[in-house]
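Data block below; observations after.
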Amino acid sequence: MAASVDNRQYGAHINGVVRGCGQDLKPPLPLDFDLDSSSSDEDENDDASYLKDLIRKANAEIEASVLDPRDEATADQWVARNASMVRLTGKHPFNSEPPLPRLMHHGFITPVPLHYVRNHGPVPRARWEDWAVEVTGLVKRPARFTVDRLVHEFPSREFPATLVCAGNRRKEQNMVRQSVGFNWGAAGVSTSVWRGVPLRRVLRRCGILARAKGALHVCFEGAEDLPGGGGSKYGTSVRREVAMDPSRDIIIAYMQNGEPLAPDHGFPVRMIIPGFIGGRMVKWLKRIVVTEHECDNHYHYKDNRVLPSHVDAELASEEGWWYKPEYIINELNINSVITTPCHEEILPINSWTTQRPYVLRGYAYSGGGRKVTRVEVTLDGGETWHVCTIDRPEKPNKYGKYWCWCFWSLEVEVLDLLGTKEIAVRAWDEGLNTQPENLIWNVMGMMNNCWFRVKTNVCKPHKGEIGIVFEHPTQPGNQPGGWMAKERHLEKSQEPKQTLKKSVSTPFMNNASNTFSVSEVRKHCNADSAWIIVHGHVYDCTRFLKDHPGGTDSVLINAGTDCTEEFDAIHSDKAKKMLEDYRIGELITTGYTSDSSSPNNSVHGNSEMTHLAPIKEITTTPPLSVALNPREKIPCKLVSKTSISHDVRLFRFALPSEDQLLGLPVGKHIFLCATIDDKLCMRAYTPTSGVDEVGFFDLLVKVYFKGVHPKFPNGGLMSQHLDSLPIGSPLDVKGPLGHIEYTGRGNFLVHGKPRFAKRLAMLAGGTGITPVYQVAQAILKDPEDRTEMHVVYANRTEDDVLLREELDAWAKKHGDRFKVWYVVGSAKEGWRYSVGFVTESIMREHLPEASRDALALTCGPPPMIQFAVQPNLAKMGYDIKNDLLVF
């Protein structure tokens, strides 16, 4: 099952984003104490230990933030960030959300490094002592407040509040029709304990004028420098009634989860407007202006709107839809999401699982302080609904308003899950608002709150059991997966194929002289000449640098490279059309030929340049399909067999289609299925080929011949079957299987729950080296993955050591990240490694010490794991139950 949303207690924590300011952030007694806050101030003092405990729980099991190599050569290269965050807009600016299971793992309060981030440009470099907020406009006493003055001259408010990006769940809308926004998943939501100065106190101090004198709106302006048509600063506004309402708890915040704000979250001060969308909470706050009219900032009008479904971006501009007040977004709407089961979780159906109910879980929130009063789940498309149990850790403020998400759960019978095709959830709030059944598209892709649906399918995980595999609608960013993506791909595959045509953007584009090699493009990598490659076309973006909405850096960091994936991830169809104005030619790809064997069918006409990438009117490349299907076996043909030694073979199997990926997550395995002696035989294997190989996979197999080992006189059925299999023979493959998945940069999913490690103790015996090899291969392929691996590999003899050449090469090339030590039962003369059994002393010498950021992984014969690995790891201080992962 996926991670629970329950809060749990853990040990001490060192947060990686602490930003010391050299100041005492505890304010003295308020200077302008008034009656409307007295009771709440007293309540806050009483609740101090409660909030501190919430923060402590949130900060458990969170690794330190680091300077991410992906931020190199950007304006944000100085900002420390959590490597597990899912980036939604390429390298820069930084927009991200945490993996949904990990967000839920931490419970009610989100650790700051895992809080979602929405940045429109680079993060301003700020100093606490130099920062000041100007209050001006329709006030009697304009003022300039340093952060110290805000902290020490005003009373503070501290409370938990959930922040939600208005684009949360946008990718579902983009699956129906591309909006102008990038692909938020369902984790664009986070909850923190915020501390700051009540906005109304500051406005009173400055003498805000009466409504009759025109003081109708309060505008906020940030410090970031934003290029292009959006103007130089990010700004927005709220109505005076909202700003001055004591029940709304609007603050100028300077602390988050008990620490000064992190750079990505507005250090040193930002607005917090509980119950509103995140787009109204200006970060890096510099100016507060009281005005007669609402803010005229570009981002106030051209962002955060829900326009009618028929209105696209062009029509909105032509007919002035952006400026119609009816469509502005302020308060959040009601929303709920299913988080357990997690995406691609498999629930086996057996005598154990069917004896107890399965617990569905998720989150829900609403806006404006409205309490979520009901959450319901349907297993039959809405015919009947089951009312869920709600866990609400939050206490309302003295006005009865709720600012935070809540968690819901529902026990269901496993057999009921087996009989349904879909699980859907909807929530209700105290205003009797609920979620619509169907998605309502809008050009901004905002406020998506239709029923959240998880699809179910029956599969056979292992040993003949059946199981249920669950699919969420989408995965965030440019990540593949989700039932909506599958349905969209199916719809496209059923459409008539489009005939490729010559480009008509500029006539000279079809001339053979306007072609460039990759090496030529690489030379144009600076502000004087910035070229990029997208889908085989070459574009000169130099004259667009100053106008790019994301800033010059967003183009320059990709200049001279193929940025197809990043471009597709963050740009709308309109942007793709605009790009055509900058196309200067095509990319030469040596060896490329057209789909037809006839040279006259080239889209460039009959010429000798048949290796040119054809110019296509289709602007997106469909993702590679995946061969593995948990619900059925796939036939794979044996195409080669190489003898590595007298009993070791390397088999290569072709996938059903030459343009497919196997689709096996790192850490998982596949079943080979064959009928041997009229009986079905299934054995688990881990491929040694990389997960990104296209069209095939490799298996390194030790053949256990009959009559060799007295304990196994018949030998290995499957390995002997493979050895006798003629080239060209098919073999059924099933998967993926396994409870361990390595997701990159130290992050694992174990039974759907996130785990993290900086150092891995990896113990393998015999053919158990293959899953260890698979994980190590994935880590070393990623230069940004700094996970350390310490391998102890045991075998009977030196000749039995598999993958010796590859392991030694890794240890030599990546000595700072990969170390290997061999143990054999008997050795030849000159053997420089250990002889005998895997002992405590060997493990202490060659494996990392037990710590919060160390995990042990093992695969091998059960006696080795039971009598050597487990007891010796326990002696070293490892928690065998939680810190040892057995493949």
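We label chains A, B, ... in the order they appear in the structure tokens, count residues from 1 in each chain, and number ligands from 1 in the order shown.
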Would you list, as a VMD selection string, the residues of stretch 194-416 of chain A that end up in strand (DSSP E or B) under DSSP run on this structure's backbone? chain A and resid 194 to 198 208 217 to 222 235 to 239 251 to 256 259 to 260 270 to 272 276 285 to 291 305 328 331 335 to 340 346 to 349 358 to 365 372 to 378 386 to 387 389 to 391 406 to 412
With C-alpha atoms kept, could you save the residues just selected as a compact mmCIF listing (two decimals), in the first residue's frame?
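This is the output file part11.txt:
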```
# COMPACT_ATOMS: atom_id res chain seq x y z
CA TRP A 194 3.44 30.67 8.74
CA ARG A 195 4.40 33.54 11.03
CA GLY A 196 4.14 37.21 10.22
CA VAL A 197 2.65 40.63 10.80
CA PRO A 198 -1.09 41.19 10.25
CA ILE A 208 -5.24 53.95 5.27
CA HIS A 217 -7.78 48.24 -3.31
CA VAL A 218 -4.48 47.12 -1.79
CA CYS A 219 -1.79 46.26 -4.31
CA PHE A 220 1.32 44.13 -3.70
CA GLU A 221 4.52 44.20 -5.76
CA GLY A 222 7.49 41.85 -5.62
CA GLY A 235 2.14 42.27 -8.84
CA THR A 236 -1.49 41.75 -7.90
CA SER A 237 -4.12 43.17 -5.53
CA VAL A 238 -7.05 42.41 -3.24
CA ARG A 239 -10.05 44.50 -2.28
CA ILE A 251 -0.07 38.47 7.13
CA ILE A 252 3.24 39.76 5.84
CA ALA A 253 5.12 36.55 6.58
CA TYR A 254 8.77 36.24 7.55
CA MET A 255 8.87 32.68 8.93
CA GLN A 256 7.85 29.29 7.57
CA GLU A 259 12.58 29.30 10.26
CA PRO A 260 13.19 32.38 8.10
CA ARG A 270 6.05 37.59 1.43
CA MET A 271 2.26 37.83 1.55
CA ILE A 272 0.16 35.01 2.97
CA PHE A 276 -6.76 32.36 -1.67
CA LEU A 285 7.47 41.72 -1.15
CA LYS A 286 8.78 45.28 -1.76
CA ARG A 287 5.76 47.59 -2.11
CA ILE A 288 2.21 47.85 -0.76
CA VAL A 289 0.16 50.48 -2.56
CA VAL A 290 -3.39 51.51 -1.61
CA THR A 291 -5.26 52.54 -4.76
CA ARG A 305 -8.44 33.69 -14.59
CA ILE A 328 -10.79 36.58 -11.79
CA GLU A 331 -10.59 32.10 -3.30
CA ASN A 335 -11.10 19.91 -4.41
CA SER A 336 -10.04 16.41 -3.40
CA VAL A 337 -7.54 13.81 -4.62
CA ILE A 338 -6.95 10.10 -4.11
CA THR A 339 -3.40 9.46 -2.92
CA THR A 340 -3.71 5.84 -1.77
CA ILE A 346 -0.35 -3.39 -7.31
CA LEU A 347 -2.62 -5.00 -4.72
CA PRO A 348 -2.31 -8.81 -4.81
CA ILE A 349 -5.52 -10.75 -4.27
CA TYR A 358 -8.16 -1.89 2.01
CA VAL A 359 -7.94 1.74 3.14
CA LEU A 360 -8.36 4.39 0.47
CA ARG A 361 -6.81 7.75 1.42
CA GLY A 362 -6.42 11.25 0.07
CA TYR A 363 -6.57 14.96 0.76
CA ALA A 364 -9.25 17.63 0.38
CA TYR A 365 -9.34 21.41 0.70
CA VAL A 372 -14.63 20.59 4.23
CA THR A 373 -17.67 18.85 5.65
CA ARG A 374 -17.92 15.70 3.58
CA VAL A 375 -15.80 13.50 1.31
CA GLU A 376 -17.41 10.71 -0.69
CA VAL A 377 -16.05 7.87 -2.80
CA THR A 378 -17.86 5.98 -5.53
CA HIS A 386 -19.63 6.07 0.50
CA VAL A 387 -19.01 8.77 3.12
CA THR A 389 -13.80 9.51 7.63
CA ILE A 390 -12.14 12.95 7.80
CA ASP A 391 -8.95 13.61 9.77
CA CYS A 406 -7.75 17.71 5.63
CA PHE A 407 -7.18 14.03 5.04
CA TRP A 408 -9.85 11.47 4.32
CA SER A 409 -9.94 7.68 4.47
CA LEU A 410 -12.37 4.91 3.63
CA GLU A 411 -12.19 1.18 4.29
CA VAL A 412 -13.38 -0.88 1.34
```
Do you know which residues are at most 10 Å from A:Gly275 counting only C-alpha atoms, after dropping those on the same chain fewer than 5 positions away, and could you put them as a PDB file with all heavy atoms, in the first residue's frame?
```
ATOM      1  N   ALA A 161      -1.364  27.069   7.313  1.00  0.00           N
ATOM      2  CA  ALA A 161      -2.225  27.402   6.172  1.00  0.00           C
ATOM      3  C   ALA A 161      -1.757  26.615   4.954  1.00  0.00           C
ATOM      4  O   ALA A 161      -0.552  26.456   4.724  1.00  0.00           O
ATOM      5  CB  ALA A 161      -2.201  28.899   5.877  1.00  0.00           C
ATOM      6  N   THR A 162      -2.718  26.137   4.199  1.00  0.00           N
ATOM      7  CA  THR A 162      -2.429  25.407   2.962  1.00  0.00           C
ATOM      8  C   THR A 162      -2.358  26.368   1.793  1.00  0.00           C
ATOM      9  O   THR A 162      -3.262  27.188   1.598  1.00  0.00           O
ATOM     10  CB  THR A 162      -3.516  24.348   2.698  1.00  0.00           C
ATOM     11  OG1 THR A 162      -3.484  23.378   3.751  1.00  0.00           O
ATOM     12  CG2 THR A 162      -3.306  23.651   1.367  1.00  0.00           C
ATOM     13  N   LEU A 163      -1.282  26.279   1.030  1.00  0.00           N
ATOM     14  CA  LEU A 163      -1.137  27.056  -0.196  1.00  0.00           C
ATOM     15  C   LEU A 163      -1.363  26.123  -1.386  1.00  0.00           C
ATOM     16  O   LEU A 163      -0.884  24.982  -1.388  1.00  0.00           O
ATOM     17  CB  LEU A 163       0.252  27.686  -0.293  1.00  0.00           C
ATOM     18  CG  LEU A 163       0.414  29.094   0.300  1.00  0.00           C
ATOM     19  CD1 LEU A 163       0.021  29.119   1.770  1.00  0.00           C
ATOM     20  CD2 LEU A 163       1.847  29.586   0.121  1.00  0.00           C
ATOM     21  N   VAL A 164      -2.082  26.614  -2.372  1.00  0.00           N
ATOM     22  CA  VAL A 164      -2.393  25.812  -3.556  1.00  0.00           C
ATOM     23  C   VAL A 164      -2.177  26.672  -4.787  1.00  0.00           C
ATOM     24  O   VAL A 164      -2.674  27.802  -4.852  1.00  0.00           O
ATOM     25  CB  VAL A 164      -3.852  25.302  -3.545  1.00  0.00           C
ATOM     26  CG1 VAL A 164      -4.098  24.365  -4.723  1.00  0.00           C
ATOM     27  CG2 VAL A 164      -4.180  24.607  -2.236  1.00  0.00           C
ATOM     28  N   ARG A 248      -9.673  37.038   8.210  1.00  0.00           N
ATOM     29  CA  ARG A 248      -8.965  36.402   7.091  1.00  0.00           C
ATOM     30  C   ARG A 248      -7.505  36.085   7.396  1.00  0.00           C
ATOM     31  O   ARG A 248      -6.834  35.415   6.613  1.00  0.00           O
ATOM     32  CB  ARG A 248      -9.070  37.272   5.833  1.00  0.00           C
ATOM     33  CG  ARG A 248     -10.465  37.253   5.222  1.00  0.00           C
ATOM     34  CD  ARG A 248     -10.485  37.902   3.856  1.00  0.00           C
ATOM     35  NE  ARG A 248     -11.781  37.791   3.214  1.00  0.00           N
ATOM     36  CZ  ARG A 248     -12.150  36.785   2.407  1.00  0.00           C
ATOM     37  NH1 ARG A 248     -11.318  35.797   2.181  1.00  0.00           N
ATOM     38  NH2 ARG A 248     -13.347  36.776   1.859  1.00  0.00           N
ATOM     39  N   ASP A 249      -6.966  36.628   8.502  1.00  0.00           N
ATOM     40  CA  ASP A 249      -5.605  36.276   8.926  1.00  0.00           C
ATOM     41  C   ASP A 249      -4.551  36.578   7.861  1.00  0.00           C
ATOM     42  O   ASP A 249      -3.582  35.822   7.706  1.00  0.00           O
ATOM     43  CB  ASP A 249      -5.531  34.785   9.294  1.00  0.00           C
ATOM     44  CG  ASP A 249      -6.222  34.474  10.607  1.00  0.00           C
ATOM     45  OD1 ASP A 249      -6.255  35.368  11.469  1.00  0.00           O
ATOM     46  OD2 ASP A 249      -6.717  33.355  10.779  1.00  0.00           O
ATOM     47  N   ILE A 250      -4.688  37.670   7.135  1.00  0.00           N
ATOM     48  CA  ILE A 250      -3.699  38.021   6.113  1.00  0.00           C
ATOM     49  C   ILE A 250      -2.467  38.588   6.801  1.00  0.00           C
ATOM     50  O   ILE A 250      -2.561  39.518   7.613  1.00  0.00           O
ATOM     51  CB  ILE A 250      -4.272  39.032   5.109  1.00  0.00           C
ATOM     52  CG1 ILE A 250      -5.503  38.443   4.417  1.00  0.00           C
ATOM     53  CG2 ILE A 250      -3.213  39.421   4.086  1.00  0.00           C
ATOM     54  CD1 ILE A 250      -6.195  39.406   3.478  1.00  0.00           C
ATOM     55  N   ASN A 330      -9.809  34.357  -6.970  1.00  0.00           N
ATOM     56  CA  ASN A 330      -9.268  34.745  -5.672  1.00  0.00           C
ATOM     57  C   ASN A 330      -9.302  33.544  -4.716  1.00  0.00           C
ATOM     58  O   ASN A 330      -8.284  32.946  -4.444  1.00  0.00           O
ATOM     59  CB  ASN A 330     -10.025  35.939  -5.091  1.00  0.00           C
ATOM     60  CG  ASN A 330      -9.606  37.247  -5.741  1.00  0.00           C
ATOM     61  OD1 ASN A 330      -8.421  37.513  -5.908  1.00  0.00           O
ATOM     62  ND2 ASN A 330     -10.577  38.058  -6.135  1.00  0.00           N
ATOM     63  N   GLU A 331     -10.491  33.208  -4.241  1.00  0.00           N
ATOM     64  CA  GLU A 331     -10.588  32.098  -3.301  1.00  0.00           C
ATOM     65  C   GLU A 331     -10.475  30.752  -4.022  1.00  0.00           C
ATOM     66  O   GLU A 331     -10.914  30.601  -5.164  1.00  0.00           O
ATOM     67  CB  GLU A 331     -11.913  32.165  -2.542  1.00  0.00           C
ATOM     68  CG  GLU A 331     -12.010  33.362  -1.602  1.00  0.00           C
ATOM     69  CD  GLU A 331     -13.305  33.371  -0.806  1.00  0.00           C
ATOM     70  OE1 GLU A 331     -14.198  32.552  -1.109  1.00  0.00           O
ATOM     71  OE2 GLU A 331     -13.415  34.194   0.121  1.00  0.00           O
ATOM     72  N   LEU A 332      -9.883  29.798  -3.333  1.00  0.00           N
ATOM     73  CA  LEU A 332      -9.785  28.442  -3.849  1.00  0.00           C
ATOM     74  C   LEU A 332     -11.169  27.809  -3.958  1.00  0.00           C
ATOM     75  O   LEU A 332     -12.099  28.186  -3.234  1.00  0.00           O
ATOM     76  CB  LEU A 332      -8.923  27.585  -2.919  1.00  0.00           C
ATOM     77  CG  LEU A 332      -7.444  27.946  -2.829  1.00  0.00           C
ATOM     78  CD1 LEU A 332      -6.801  27.267  -1.623  1.00  0.00           C
ATOM     79  CD2 LEU A 332      -6.723  27.539  -4.102  1.00  0.00           C
ATOM     80  N   ASN A 333     -11.290  26.848  -4.858  1.00  0.00           N
ATOM     81  CA  ASN A 333     -12.533  26.081  -4.929  1.00  0.00           C
ATOM     82  C   ASN A 333     -12.368  24.754  -4.194  1.00  0.00           C
ATOM     83  O   ASN A 333     -11.269  24.394  -3.774  1.00  0.00           O
ATOM     84  CB  ASN A 333     -12.965  25.874  -6.388  1.00  0.00           C
ATOM     85  CG  ASN A 333     -11.874  25.215  -7.219  1.00  0.00           C
ATOM     86  OD1 ASN A 333     -10.784  24.911  -6.736  1.00  0.00           O
ATOM     87  ND2 ASN A 333     -12.153  24.994  -8.493  1.00  0.00           N
ATOM     88  N   TYR A 365      -9.445  20.034   0.208  1.00  0.00           N
ATOM     89  CA  TYR A 365      -9.340  21.411   0.698  1.00  0.00           C
ATOM     90  C   TYR A 365     -10.438  22.242   0.058  1.00  0.00           C
ATOM     91  O   TYR A 365     -11.032  21.861  -0.954  1.00  0.00           O
ATOM     92  CB  TYR A 365      -7.968  22.025   0.389  1.00  0.00           C
ATOM     93  CG  TYR A 365      -7.630  22.109  -1.096  1.00  0.00           C
ATOM     94  CD1 TYR A 365      -8.148  23.122  -1.902  1.00  0.00           C
ATOM     95  CD2 TYR A 365      -6.784  21.181  -1.691  1.00  0.00           C
ATOM     96  CE1 TYR A 365      -7.848  23.203  -3.256  1.00  0.00           C
ATOM     97  CE2 TYR A 365      -6.475  21.245  -3.038  1.00  0.00           C
ATOM     98  CZ  TYR A 365      -7.012  22.258  -3.814  1.00  0.00           C
ATOM     99  OH  TYR A 365      -6.711  22.332  -5.153  1.00  0.00           O
ATOM    100  N   SER A 366     -10.701  23.397   0.652  1.00  0.00           N
ATOM    101  CA  SER A 366     -11.595  24.372   0.065  1.00  0.00           C
ATOM    102  C   SER A 366     -11.010  25.759   0.322  1.00  0.00           C
ATOM    103  O   SER A 366      -9.948  25.891   0.943  1.00  0.00           O
ATOM    104  CB  SER A 366     -13.008  24.260   0.631  1.00  0.00           C
ATOM    105  OG  SER A 366     -13.923  25.026  -0.149  1.00  0.00           O
ATOM    106  N   GLY A 367     -11.683  26.793  -0.167  1.00  0.00           N
ATOM    107  CA  GLY A 367     -11.155  28.146  -0.049  1.00  0.00           C
ATOM    108  C   GLY A 367     -11.997  29.029   0.845  1.00  0.00           C
ATOM    109  O   GLY A 367     -13.079  28.655   1.310  1.00  0.00           O
ATOM    110  N   GLY A 368     -11.491  30.233   1.093  1.00  0.00           N
ATOM    111  CA  GLY A 368     -12.242  31.227   1.839  1.00  0.00           C
ATOM    112  C   GLY A 368     -12.485  30.887   3.287  1.00  0.00           C
ATOM    113  O   GLY A 368     -13.347  31.486   3.929  1.00  0.00           O
ATOM    114  N   GLY A 369     -11.746  29.909   3.829  1.00  0.00           N
ATOM    115  CA  GLY A 369     -11.963  29.502   5.211  1.00  0.00           C
ATOM    116  C   GLY A 369     -13.103  28.534   5.393  1.00  0.00           C
ATOM    117  O   GLY A 369     -13.473  28.203   6.526  1.00  0.00           O
ATOM    118  N   ARG A 370     -13.706  28.065   4.291  1.00  0.00           N
ATOM    119  CA  ARG A 370     -14.830  27.140   4.381  1.00  0.00           C
ATOM    120  C   ARG A 370     -14.349  25.739   4.779  1.00  0.00           C
ATOM    121  O   ARG A 370     -13.389  25.221   4.224  1.00  0.00           O
ATOM    122  CB  ARG A 370     -15.587  27.086   3.054  1.00  0.00           C
ATOM    123  CG  ARG A 370     -16.311  28.388   2.705  1.00  0.00           C
ATOM    124  CD  ARG A 370     -17.025  28.292   1.376  1.00  0.00           C
ATOM    125  NE  ARG A 370     -16.095  28.165   0.263  1.00  0.00           N
ATOM    126  CZ  ARG A 370     -15.502  29.195  -0.338  1.00  0.00           C
ATOM    127  NH1 ARG A 370     -15.727  30.429   0.087  1.00  0.00           N
ATOM    128  NH2 ARG A 370     -14.680  29.003  -1.343  1.00  0.00           N
ATOM    129  N   LYS A 401     -12.910  29.869  10.879  1.00  0.00           N
ATOM    130  CA  LYS A 401     -12.412  29.623   9.520  1.00  0.00           C
ATOM    131  C   LYS A 401     -11.314  28.561   9.535  1.00  0.00           C
ATOM    132  O   LYS A 401     -10.518  28.473  10.473  1.00  0.00           O
ATOM    133  CB  LYS A 401     -11.899  30.918   8.894  1.00  0.00           C
ATOM    134  CG  LYS A 401     -13.019  31.919   8.604  1.00  0.00           C
ATOM    135  CD  LYS A 401     -12.501  33.130   7.851  1.00  0.00           C
ATOM    136  CE  LYS A 401     -13.632  34.114   7.518  1.00  0.00           C
ATOM    137  NZ  LYS A 401     -14.582  33.549   6.528  1.00  0.00           N
ATOM    138  N   TYR A 402     -11.298  27.784   8.477  1.00  0.00           N
ATOM    139  CA  TYR A 402     -10.322  26.717   8.303  1.00  0.00           C
ATOM    140  C   TYR A 402      -9.423  27.049   7.112  1.00  0.00           C
ATOM    141  O   TYR A 402      -9.917  27.322   6.019  1.00  0.00           O
ATOM    142  CB  TYR A 402     -11.030  25.379   8.067  1.00  0.00           C
ATOM    143  CG  TYR A 402     -11.750  24.850   9.285  1.00  0.00           C
ATOM    144  CD1 TYR A 402     -13.030  25.313   9.612  1.00  0.00           C
ATOM    145  CD2 TYR A 402     -11.163  23.898  10.103  1.00  0.00           C
ATOM    146  CE1 TYR A 402     -13.695  24.829  10.725  1.00  0.00           C
ATOM    147  CE2 TYR A 402     -11.818  23.406  11.223  1.00  0.00           C
ATOM    148  CZ  TYR A 402     -13.082  23.877  11.526  1.00  0.00           C
ATOM    149  OH  TYR A 402     -13.727  23.394  12.634  1.00  0.00           O
ATOM    150  N   TRP A 403      -8.108  27.014   7.331  1.00  0.00           N
ATOM    151  CA  TRP A 403      -7.167  27.413   6.279  1.00  0.00           C
ATOM    152  C   TRP A 403      -6.393  26.229   5.696  1.00  0.00           C
ATOM    153  O   TRP A 403      -5.547  26.435   4.827  1.00  0.00           O
ATOM    154  CB  TRP A 403      -6.170  28.430   6.821  1.00  0.00           C
ATOM    155  CG  TRP A 403      -6.766  29.676   7.399  1.00  0.00           C
ATOM    156  CD1 TRP A 403      -6.470  30.257   8.591  1.00  0.00           C
ATOM    157  CD2 TRP A 403      -7.740  30.546   6.785  1.00  0.00           C
ATOM    158  NE1 TRP A 403      -7.187  31.408   8.782  1.00  0.00           N
ATOM    159  CE2 TRP A 403      -7.985  31.623   7.675  1.00  0.00           C
ATOM    160  CE3 TRP A 403      -8.445  30.511   5.570  1.00  0.00           C
ATOM    161  CZ2 TRP A 403      -8.886  32.643   7.400  1.00  0.00           C
ATOM    162  CZ3 TRP A 403      -9.351  31.535   5.301  1.00  0.00           C
ATOM    163  CH2 TRP A 403      -9.563  32.580   6.197  1.00  0.00           C
ATOM    164  N   CYS A 404      -6.628  25.028   6.178  1.00  0.00           N
ATOM    165  CA  CYS A 404      -5.758  23.911   5.805  1.00  0.00           C
ATOM    166  C   CYS A 404      -6.524  22.775   5.147  1.00  0.00           C
ATOM    167  O   CYS A 404      -7.737  22.634   5.312  1.00  0.00           O
ATOM    168  CB  CYS A 404      -5.042  23.357   7.043  1.00  0.00           C
ATOM    169  SG  CYS A 404      -3.982  24.544   7.876  1.00  0.00           S
TER     170      CYS A 404
END
```
Applying 12 Å and only C-alpha atoms, which residues near A:Phe867 remain after dropping the ones on its own chain fewer than 4 positions away? List them as a PyMOL selection string. chain A and resi 837-840+860-863+871-874
Restricting it to C-alpha atoms, dump the selection as a tab-separated table (two decimals), in the first residue's frame.
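This went into selection_14.tsv:
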```tsv
chain	number	residue	atom	x	y	z
A	837	PHE	CA	32.05	-16.33	4.08
A	838	VAL	CA	30.62	-12.82	4.31
A	839	THR	CA	31.51	-11.84	7.87
A	840	GLU	CA	30.88	-8.91	10.17
A	860	GLY	CA	21.15	-13.66	-3.06
A	861	PRO	CA	20.56	-17.15	-1.70
A	862	PRO	CA	18.23	-17.18	1.35
A	863	PRO	CA	20.88	-18.75	3.65
A	871	PRO	CA	22.66	-10.58	11.63
A	872	ASN	CA	25.80	-8.70	10.65
A	873	LEU	CA	23.91	-5.62	9.50
A	874	ALA	CA	22.08	-5.69	12.83
```
Can you work out the spacing between atom CA of A:Asp581 and atom CA of A:Arg522 in Å, to one decimal? 20.6 Å
So that I can check the surroundings of A:Ala316, please list as a ChimeraX atom specification every protein, DNA and RNA residue that reaches within 12 Å of it, counting only C-alpha atoms and ignoring chain neighbours fewer than 5 positions away. /A:301-303,305-311,321-324,327,442-444
Residue selection dump (C-alpha atoms) as an mmCIF file, in the first residue's frame:
```cif
data_model
loop_
_atom_site.group_PDB
_atom_site.id
_atom_site.type_symbol
_atom_site.label_atom_id
_atom_site.label_comp_id
_atom_site.auth_asym_id
_atom_site.auth_seq_id
_atom_site.Cartn_x
_atom_site.Cartn_y
_atom_site.Cartn_z
ATOM 1 C CA TYR A 301 -4.902 40.556 -15.587
ATOM 2 C CA LYS A 302 -3.201 38.003 -17.861
ATOM 3 C CA ASP A 303 -2.924 35.275 -15.248
ATOM 4 C CA ARG A 305 -8.440 33.689 -14.594
ATOM 5 C CA VAL A 306 -10.996 31.040 -15.474
ATOM 6 C CA LEU A 307 -12.444 32.021 -18.843
ATOM 7 C CA PRO A 308 -15.305 30.215 -20.632
ATOM 8 C CA SER A 309 -14.254 27.036 -22.422
ATOM 9 C CA HIS A 310 -14.734 28.470 -25.916
ATOM 10 C CA VAL A 311 -12.284 31.344 -25.276
ATOM 11 C CA TRP A 321 -11.874 38.755 -21.752
ATOM 12 C CA TRP A 322 -8.777 39.221 -19.550
ATOM 13 C CA TYR A 323 -10.250 42.409 -18.098
ATOM 14 C CA LYS A 324 -13.730 41.147 -17.226
ATOM 15 C CA TYR A 327 -13.489 35.657 -14.316
ATOM 16 C CA ASN A 442 -10.257 26.682 -19.733
ATOM 17 C CA VAL A 443 -7.416 28.396 -21.554
ATOM 18 C CA MET A 444 -5.381 28.967 -18.371
#
```
